[in-house]
Amino acid sequence: MATATSAAQLCRNYIGGRWVESGSTKIAERRNPANSDEIVAAVPLSTREEMKEAIAAAKAAFPAWRETPAPARGKILFKAVRIMEEKKDELARLLTREEGKTLKDSLGEVQRAINITEFMAGEARRLNGETLSSELPKNFAYTIRQPLGVVGAITPWNFPVAIPVWKIAPALVCGNTVVFKPATITPLTAIKIVEIFEAAGLPPGVLNLVMGSGRETGDELVQSPAVHGLSFTGSNEIGTALYACGAQRLKKVQCEMGGKNPVVILADADMGLALESTLAGAFASTGQRCTATSRVVIEESVADAFVEKLVERAKKYSVGNGLEPGVEMGPAVDESQMNTDLKYMEIGKKEAELLCGGERLSGPKYDKGWFVSPTVFDHVRPESALSQDEIFGPVLSIVRVKGFDEALHVANSVRFGLSSAIYSTDSNKIFEFVDKIETGMTHVNSPTVGGEAHVPFGGAKDSSVGPREVGHAAIEFYTDTKIVYVDYTGRKRESSIY
């Protein structure tokens, strides 16, 4: 905690169509992860009462927004797309300065947000129900989709543009009003997102933004009876508690949480393709992705050659300020995450064979930032902490196996089940892997990371709970289905036995 300085932008909440300063006396400083001397923003830890005000504003705005025809809501989203495209470079640079990922990764994230908003804007003309044949004469039945009401969006720091957008855009197009609580350490991108929707013509109160800690503001979103839906992305510890609390209050809740994603490399794989994909999956965005590649499960017969080339390339990985040309990996997001990375590197040195990295980087280029080295461990045991725990950093574990059956077993031997990948040219093994891998998403001859705007996103096991996000699955989450029976005989009938 610190007192806000004049050099830092004091972040404001957005409630009922107005930018307002928080009354909280608790201010957190957000520093540039590549240069901790630079204070990027001063973030108020808003109070529970301020969150209540935002929920009340969303509730008041809901009736008019619900009555706005869906295609008209879609037009506002299409305008937001155009504004986002105009501000793409500005938004990406802000993202890199605030979160630390390379400008290339930030531009990719902003483009994904644009694609998602564009897709959801089009869905405004496809909020379809279905017609159903009745078992009675001169009767028909049909369904319609209706909004939930006020929904809450609690988002993480690692994708501070794309994830908020993939929650906010479908919620809005379905006719809900939204209260958005971003991660405290990425406030400026959250503000920019709301400014874009505001400039696109969103009515006051339809989208509200409140900065603050989960203990106060996030908890109020869960507790409030005025909030009917809640979408969360973050840690398993918080997500499971939030889901349980929401269930007690009969809220519609979805939680996207951790991952420990394997790439399985069989002896017949295209090793060059597998190598580049593994590197990108493990070290891009500093490994700070829920879909990041954290385990390589590889057949022993090809492991030595593959690992040698992997380490050679990892040692050449360019680490630095993400805004500098040629940089391939930025810093950890903050000191706490850096310390977590370093802790697991020390654990790994006792559990496995360190091949490269395993340290905090030092020197004039690194001393003011939270930089760690791309790290590779070999001969990692499947039951070890390196194999089982989500580190959320650039730490890659190599697990050697005798063949396909053992590879599948090892890949499934964790509590998480978000994403996976297999590299092979054997169609029989590929389809068996697709059938038996215990992940919500899997890739064939492509990295564990990545997704498309119209394709659902979500995991299995401890990685996700509740309906999927993104694509048409998001429409299903942000709406309730109403069933309508119409009897057009004009005559009294006997009651149905059902």
# chains A, B, ... in the order shown; residues from 1 in each chain; ligands from 1

call {"tool": "select_by_dssp", "arguments": {"residues": "stretch 230-370 of chain A", "states": "strand (DSSP E)", "output": "count of residues only"}}
result
25

call {"tool": "select_by_dssp", "arguments": {"residues": "stretch 165-410 of chain A", "states": "helix (DSSP H, G or I)", "output": "PyMOL selection string"}}
result
chain A and resi 165-173+187-199+214-223+236-248+271-287+300-315+335-351+385-388+404-410

call {"tool": "residues_around", "arguments": {"residues": "A:Arg18", "least_positions_apart": "4", "cutoff": "9 Å", "atoms": "only C-alpha atoms", "output": "list in words"}}
result
Asn13, Tyr14, Pro204 and Gly205 of chain A

call {"tool": "write_last_selection", "arguments": {"atoms": "N, CA and C atoms", "output": "PDB file, in the first residue's frame"}}
result
ATOM      1  N   ASN A  13     -13.481   4.670 -10.712  1.00  0.00           N
ATOM      2  CA  ASN A  13     -14.544   3.725 -11.014  1.00  0.00           C
ATOM      3  C   ASN A  13     -15.485   4.336 -12.051  1.00  0.00           C
ATOM      4  N   TYR A  14     -16.280   3.479 -12.680  1.00  0.00           N
ATOM      5  CA  TYR A  14     -17.284   3.937 -13.650  1.00  0.00           C
ATOM      6  C   TYR A  14     -18.620   3.361 -13.207  1.00  0.00           C
ATOM      7  N   PRO A 204     -25.884   4.766 -19.929  1.00  0.00           N
ATOM      8  CA  PRO A 204     -25.388   4.798 -18.551  1.00  0.00           C
ATOM      9  C   PRO A 204     -25.929   3.632 -17.724  1.00  0.00           C
ATOM     10  N   GLY A 205     -25.062   3.053 -16.935  1.00  0.00           N
ATOM     11  CA  GLY A 205     -25.462   1.989 -16.029  1.00  0.00           C
ATOM     12  C   GLY A 205     -25.427   0.597 -16.623  1.00  0.00           C
TER      13      GLY A 205
END

call {"tool": "residues_around", "arguments": {"residues": "A:Val395", "least_positions_apart": "5", "cutoff": "8 Å", "atoms": "only C-alpha atoms", "output": "MDAnalysis selection string"}}
result
chainID A and resid 282:283 287 294 341 345 374:377

call {"tool": "atom_distance", "arguments": {"atom1": "atom CA of A:Thr177", "atom2": "atom CA of A:Val150"}}
result
4.9 Å

call {"tool": "atom_distance", "arguments": {"atom1": "atom CA of A:Phe477", "atom2": "atom CA of A:Leu132"}}
result
21.8 Å

call {"tool": "atom_distance", "arguments": {"atom1": "atom CA of A:Val206", "atom2": "atom CA of A:Ala190"}}
result
15.6 Å

call {"tool": "closest_residue", "arguments": {"among": "A:Leu95, A:Ile27, A:Val161, A:Ile191", "to": "A:Ile116", "atoms": "only C-alpha atoms"}}
result
A:Val161

call {"tool": "closest_residue", "arguments": {"among": "A:Gly320, A:Pro382, A:Gly23, A:Gly246", "to": "A:Met211", "atoms": "only C-alpha atoms"}}
result
A:Gly23

call {"tool": "closest_residue", "arguments": {"among": "A:Ser362, A:Asp219, A:Val264, A:Arg400", "to": "A:Ser301", "atoms": "only C-alpha atoms"}}
result
A:Arg400

call {"tool": "residues_around", "arguments": {"residues": "A:Gly201", "least_positions_apart": "6", "cutoff": "12 Å", "atoms": "only C-alpha atoms", "output": "ChimeraX atom specification"}}
result
/A:17,72-80,83,194-195,207

call {"tool": "residues_around", "arguments": {"residues": "A:Asn158", "least_positions_apart": "6", "cutoff": "10 Å", "atoms": "only C-alpha atoms", "output": "list of chain:residue names"}}
result
A:Leu95, A:Glu99, A:Gly100, A:Lys101, A:Ala183, A:Ile185, A:Thr186, A:Gly234, A:Ser285, A:Thr286, A:Gly287, A:Gln288, A:Arg289, A:Cys290, A:Val333, A:Phe392

call {"tool": "write_last_selection", "arguments": {"atoms": "C-alpha atoms", "output": "PDB file, in the first residue's frame"}}
result
ATOM      1  CA  LEU A  95      -1.142  -3.731 -22.031  1.00  0.00           C
ATOM      2  CA  GLU A  99       1.214  -6.481 -17.623  1.00  0.00           C
ATOM      3  CA  GLY A 100       4.656  -7.086 -19.129  1.00  0.00           C
ATOM      4  CA  LYS A 101       4.042  -9.404 -22.106  1.00  0.00           C
ATOM      5  CA  ALA A 183      -7.589  -7.546 -11.367  1.00  0.00           C
ATOM      6  CA  ILE A 185      -2.704  -4.982 -11.024  1.00  0.00           C
ATOM      7  CA  THR A 186      -4.125  -4.321 -14.504  1.00  0.00           C
ATOM      8  CA  GLY A 234      -8.682 -16.908 -11.704  1.00  0.00           C
ATOM      9  CA  SER A 285       3.606 -14.441 -22.267  1.00  0.00           C
ATOM     10  CA  THR A 286       6.275 -15.591 -19.751  1.00  0.00           C
ATOM     11  CA  GLY A 287       4.295 -18.800 -19.280  1.00  0.00           C
ATOM     12  CA  GLN A 288       1.556 -16.790 -17.588  1.00  0.00           C
ATOM     13  CA  ARG A 289      -1.343 -18.387 -19.431  1.00  0.00           C
ATOM     14  CA  CYS A 290      -3.783 -20.944 -18.117  1.00  0.00           C
ATOM     15  CA  VAL A 333       3.868  -9.720 -13.818  1.00  0.00           C
ATOM     16  CA  PHE A 392       2.260 -19.941 -14.012  1.00  0.00           C
TER      17      PHE A 392
END

call {"tool": "closest_residue", "arguments": {"among": "A:Asp334, A:Glu276, A:Glu300, A:Glu118", "to": "A:Val165", "atoms": "only C-alpha atoms"}}
result
A:Glu118
